[in-house]
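**Q** A single structure is presented below for examination.
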Amino acid sequence: MTTRQNDEETPLLQQPDQLIARTSPLPWDQFWIILFLQLSDSLVVQTLAPFTPQLIRDIGVTNGDESQVGHYVGILQSSYYTAQALTILPWSQLSDHIGRKPVILIAQFAMSISMFSFGLSKKFVGLVVSRAFCGAFNGSNGVIKSMVMDITDTTNLPKAFSYMPLPWMLGTLVGPLVGGSLSRPMDRFPEIFGRSKLLQIYPYLLPCAFPAIFALVAWLVAYFCFKESVTTTTPLWKLTKGRLLRQSYAKPFPPSRNALAVCEVADSEGVTSKPLPLWALLTPKVLTVTASYVTMTLLYMGFSSVLPVFYSTPIELGGLSLDPPKIGAILAVSGVAHGVFQLLFYSRLHDRFGAGAMHVTGVISGIPIIILFPVTNALARVHGLGLAVWLSVGVQLSLVTSLIMCYPCLALFIRAAAPNRASLGATNGIVQLVVAGAKIVAPASAASVFSYSLQEGHNAWSIYYYLIAFAFLAVGTSLLLPRDPSLWEDHQ
């Protein structure tokens, strides 16, 4: 792969033969562990999606009002992201100082405890507390991206991100099947679980136990196999004294040889490799990529929160009347398709078109994705759940592939926007902090607007106007990014 730079962007000290850099091999001895840890996070999210609407109905919080199901599903989702928004920046900053490994271990343990708690909850308050606990202590969202950036360089980072969908692909395959098939197991498999008093009392414990146990396995793998990608000499007692920002000696894990060659000039000029204070990270580049990331997240999270509720809502009210097993199967198949496509084609598309063009194309695809919601329901009203409906569902989910590929594109822009490698965790934390706010707003607001649109006398298209507005915001901010992250790279 060749690194493409305009003549104006080429450093004066860089020789022509340096423009062609060999692609560094991926450090698979550590990279597979990162993928495994990502799978744990994916299973937690994907397992809950198929049965959450039915769980809301079963606990009776809606008092039988079908139009309120989406509202409470949105509150449940937002409780996780609210807690995460309040803690993700401190976790990311902490990982720059004490290392990524301790933060990841805390996150895996918290996910396990929260999933067991979720399965044992019988009231809505208990469900909210379980998800909020998971969000507060799960700092892996931003830290895992920093871990990937720690062990890669500019030549193999796009290749690394082409593999990142693998755990989400497996999670969206296994998670919905587990959540859809093992919820209320005494009803689905009475010959096996019919005599279990525990599962009669807690009918959703079994699907929650699966990702909980997997998170414990991931904890063991991380503890015994993962090598810290950041070294630090900052004593823990200094952090507890509030000296985190004043005294830090964290240094990034030594990058590959190609990365060292790229940074050789910077090192020779004495550029610091210590984590920078927060105010120094709020550069125009970081703010630009944050705005684009936030608006894209509003679009994708709004769509994702509405999708299972749309599938489970009766046809006459604007949905498709699907049961949890069918919803789980659809989500699983689409997740596998998205992951396989990104694994096979993302790196090639990136080399051909660049991250900027791919991101713009992805957010533009959000417009037909939203329009297909009312189209699919209209077909179901006229033809029932026939071929036309499934074709419409297939086209919609196929377009989502382009939208999902915006995530690795934006990760490349985040890396390029970071002032130095030692501040990758904090830079990711700033972006993820604002994005977590979007994850709070999008699910709750979209699900509530969807419920509002179902009520008699209200405009049934309100939810689609709402989501289309997110799509146009995402398109507008995507145009602020350069065509390629390399234009943001600072070779000082």
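Every chain in the structure tokens takes a letter, A first, then B, and so on in the order presented; its residues are numbered from 1, and the ligands are numbered from 1 following the presented order.
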Can you tell me which residues surround Pro167 (chain A) at a distance of at most 7 Å, considering only C-alpha atoms, apart from same-chain residues fewer than 6 positions away, and format the answer as a PyMOL selection string?

**A** chain A and resi 35-36+38-39+42

**Q** Restrict the selected residues to all heavy atoms and save them as a PDB file, in the first residue's frame.

**A**
ATOM      1  N   LEU A  35      -9.692  -8.429  19.589  1.00  0.00           N
ATOM      2  CA  LEU A  35     -10.917  -8.866  18.916  1.00  0.00           C
ATOM      3  C   LEU A  35     -11.789  -9.686  19.868  1.00  0.00           C
ATOM      4  O   LEU A  35     -13.019  -9.560  19.857  1.00  0.00           O
ATOM      5  CB  LEU A  35     -10.563  -9.689  17.678  1.00  0.00           C
ATOM      6  CG  LEU A  35      -9.819  -8.954  16.558  1.00  0.00           C
ATOM      7  CD1 LEU A  35      -9.495  -9.915  15.415  1.00  0.00           C
ATOM      8  CD2 LEU A  35     -10.645  -7.779  16.031  1.00  0.00           C
ATOM      9  N   PHE A  36     -11.168 -10.525  20.670  1.00  0.00           N
ATOM     10  CA  PHE A  36     -11.912 -11.353  21.621  1.00  0.00           C
ATOM     11  C   PHE A  36     -12.614 -10.490  22.663  1.00  0.00           C
ATOM     12  O   PHE A  36     -13.767 -10.752  23.034  1.00  0.00           O
ATOM     13  CB  PHE A  36     -10.954 -12.343  22.288  1.00  0.00           C
ATOM     14  CG  PHE A  36     -11.641 -13.415  23.094  1.00  0.00           C
ATOM     15  CD1 PHE A  36     -12.230 -14.492  22.471  1.00  0.00           C
ATOM     16  CD2 PHE A  36     -11.697 -13.341  24.479  1.00  0.00           C
ATOM     17  CE1 PHE A  36     -12.865 -15.490  23.203  1.00  0.00           C
ATOM     18  CE2 PHE A  36     -12.324 -14.324  25.222  1.00  0.00           C
ATOM     19  CZ  PHE A  36     -12.906 -15.405  24.580  1.00  0.00           C
ATOM     20  N   GLN A  38     -13.567  -7.429  22.226  1.00  0.00           N
ATOM     21  CA  GLN A  38     -14.645  -6.726  21.533  1.00  0.00           C
ATOM     22  C   GLN A  38     -15.871  -7.606  21.392  1.00  0.00           C
ATOM     23  O   GLN A  38     -17.002  -7.131  21.451  1.00  0.00           O
ATOM     24  CB  GLN A  38     -14.160  -6.280  20.144  1.00  0.00           C
ATOM     25  CG  GLN A  38     -15.104  -5.359  19.416  1.00  0.00           C
ATOM     26  CD  GLN A  38     -14.905  -3.903  19.752  1.00  0.00           C
ATOM     27  OE1 GLN A  38     -14.519  -3.554  20.857  1.00  0.00           O
ATOM     28  NE2 GLN A  38     -15.161  -3.048  18.794  1.00  0.00           N
ATOM     29  N   LEU A  39     -15.655  -8.911  21.220  1.00  0.00           N
ATOM     30  CA  LEU A  39     -16.777  -9.847  21.106  1.00  0.00           C
ATOM     31  C   LEU A  39     -17.598  -9.859  22.386  1.00  0.00           C
ATOM     32  O   LEU A  39     -18.831  -9.954  22.346  1.00  0.00           O
ATOM     33  CB  LEU A  39     -16.248 -11.245  20.797  1.00  0.00           C
ATOM     34  CG  LEU A  39     -17.283 -12.377  20.756  1.00  0.00           C
ATOM     35  CD1 LEU A  39     -18.370 -12.084  19.717  1.00  0.00           C
ATOM     36  CD2 LEU A  39     -16.612 -13.708  20.453  1.00  0.00           C
ATOM     37  N   SER A  42     -19.882  -6.940  22.340  1.00  0.00           N
ATOM     38  CA  SER A  42     -20.922  -7.123  21.326  1.00  0.00           C
ATOM     39  C   SER A  42     -22.018  -8.064  21.805  1.00  0.00           C
ATOM     40  O   SER A  42     -23.210  -7.818  21.585  1.00  0.00           O
ATOM     41  CB  SER A  42     -20.297  -7.666  20.037  1.00  0.00           C
ATOM     42  OG  SER A  42     -21.284  -7.970  19.084  1.00  0.00           O
TER      43      SER A  42
END

**Q** Counting only C-alpha atoms, which residue out of A:Ala388, A:Leu317, A:Asp484, A:Arg352 sits closest to Asn459 (chain A)?

**A**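 Counting only C-alpha atoms, the residue closest to Asn459 (chain A) is A:Leu317.
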
**Q** What lies within 7 Å of region 467-469 of chain A using only C-alpha atoms, ignoring chain neighbours under 4 positions off, as a list in words?

**A**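 Counting only C-alpha atoms, the residues come to Leu299, Gly302, Ile367, Ile370, Ile463 and Leu473 of chain A.
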
**Q** Can you tell me, as a list of chain:residue names, what residues are no more than 12 Å from Tyr466 (chain A) when counting only C-alpha atoms, ignoring any on the same chain fewer than 6 positions away?

**A** A:Leu298, A:Leu299, A:Gly302, A:Phe303, A:Val306, A:Ile367, A:Ile370, A:Ile371, A:Ala442, A:Ser445, A:Ala446, A:Ala447, A:Ser448, A:Val449, A:Phe450, A:Tyr452, A:Ser453, A:Asn459, A:Ala460, A:Phe472, A:Leu473

**Q** Which residue out of A:Leu372, A:Met169, A:Val431, A:Met186 has the minimum interatomic distance to Leu198 (chain A) when only C-alpha atoms are used?

**A**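 For Leu198 (chain A), the nearest of the candidates is A:Met186.
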
**Q** Which of these, A:Pro176, A:Leu320, A:Val103, A:Gly425, has the shortest distance to Leu89 (chain A) once you count only C-alpha atoms?

**A**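 The answer is A:Gly425, which sits nearest to Leu89 (chain A).
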
**Q** My list of candidates is A:Cys409, A:Ala209, A:Ala215, A:Val475. Which is closest to Phe353 (chain A) when distances are computed with only C-alpha atoms?

**A**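 Closest to Phe353 (chain A), using only C-alpha atoms: A:Cys409.
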
**Q** Here is a test: counting only C-alpha atoms, which residue of A:Leu487, A:Ala136, A:Leu481, A:Ile192 is nearest to Trp91 (chain A)?

**A** A:Ala136

**Q** Please determine, counting only C-alpha atoms, which residue among A:Leu412, A:Leu385, A:Met149, A:Val434 has the shortest atom-to-atom distance to Pro314 (chain A).

**A**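 Nearest candidate to Pro314 (chain A) out of A:Leu412, A:Leu385, A:Met149, A:Val434: A:Leu385.
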
**Q** I want to know what sits within 9 Å of Met296 (chain A), based on only C-alpha atoms, with residues of the same chain fewer than 5 positions away left out; could you give that as number ranges by chain?

**A** A: 291, 301, 363, 403, 406-407, 470-471, 473-475, 477-478

**Q** Could you check how far CA of Val128 (chain A) sits from CA of Val400 (chain A), in Å to one decimal?

**A**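 For CA of Val128 (chain A) relative to CA of Val400 (chain A), the distance reads 28.5 Å.
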
**Q** Using Å and a single decimal, report how far CA of Phe31 (chain A) sits from CA of Pro408 (chain A).

**A**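 CA of Phe31 (chain A) lies 15.8 Å from CA of Pro408 (chain A).
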
**Q** Which residues come within 10 Å of Val340 (chain A), counting only C-alpha atoms, excluding same-chain residues fewer than 6 positions away, as a PyMOL selection string?

**A** chain A and resi 162-163+165-166+169-170+334+346+401

**Q** Print the selection's residues with N, CA, C and O atoms to a file, as an mmCIF file, in the first residue's frame.

**A**
data_model
loop_
_atom_site.group_PDB
_atom_site.id
_atom_site.type_symbol
_atom_site.label_atom_id
_atom_site.label_comp_id
_atom_site.auth_asym_id
_atom_site.auth_seq_id
_atom_site.Cartn_x
_atom_site.Cartn_y
_atom_site.Cartn_z
ATOM 1 N N SER A 162 -10.297 -3.270 9.349
ATOM 2 C CA SER A 162 -11.118 -4.138 8.512
ATOM 3 C C SER A 162 -11.483 -5.425 9.243
ATOM 4 O O SER A 162 -12.476 -6.079 8.902
ATOM 5 N N TYR A 163 -10.689 -5.794 10.251
ATOM 6 C CA TYR A 163 -10.991 -6.983 11.055
ATOM 7 C C TYR A 163 -11.883 -6.667 12.250
ATOM 8 O O TYR A 163 -12.440 -7.593 12.852
ATOM 9 N N PRO A 165 -14.870 -5.570 12.509
ATOM 10 C CA PRO A 165 -16.258 -6.056 12.468
ATOM 11 C C PRO A 165 -16.414 -7.521 12.826
ATOM 12 O O PRO A 165 -17.528 -7.967 13.082
ATOM 13 N N LEU A 166 -15.312 -8.298 12.814
ATOM 14 C CA LEU A 166 -15.428 -9.723 13.104
ATOM 15 C C LEU A 166 -16.124 -10.004 14.431
ATOM 16 O O LEU A 166 -17.083 -10.788 14.472
ATOM 17 N N MET A 169 -19.684 -9.037 14.128
ATOM 18 C CA MET A 169 -20.391 -9.969 13.264
ATOM 19 C C MET A 169 -20.775 -11.222 14.045
ATOM 20 O O MET A 169 -21.925 -11.681 13.989
ATOM 21 N N LEU A 170 -19.818 -11.771 14.795
ATOM 22 C CA LEU A 170 -20.122 -12.951 15.596
ATOM 23 C C LEU A 170 -21.126 -12.615 16.695
ATOM 24 O O LEU A 170 -22.011 -13.415 17.009
ATOM 25 N N SER A 334 -28.341 -10.196 9.345
ATOM 26 C CA SER A 334 -27.844 -8.900 8.879
ATOM 27 C C SER A 334 -26.488 -8.580 9.500
ATOM 28 O O SER A 334 -25.594 -8.037 8.827
ATOM 29 N N TYR A 346 -13.612 -3.674 3.130
ATOM 30 C CA TYR A 346 -13.333 -2.342 3.676
ATOM 31 C C TYR A 346 -11.936 -1.861 3.305
ATOM 32 O O TYR A 346 -11.756 -0.727 2.859
ATOM 33 N N THR A 401 -25.045 -1.540 5.729
ATOM 34 C CA THR A 401 -23.630 -1.903 5.637
ATOM 35 C C THR A 401 -22.773 -0.671 5.365
ATOM 36 O O THR A 401 -21.710 -0.479 5.976
#
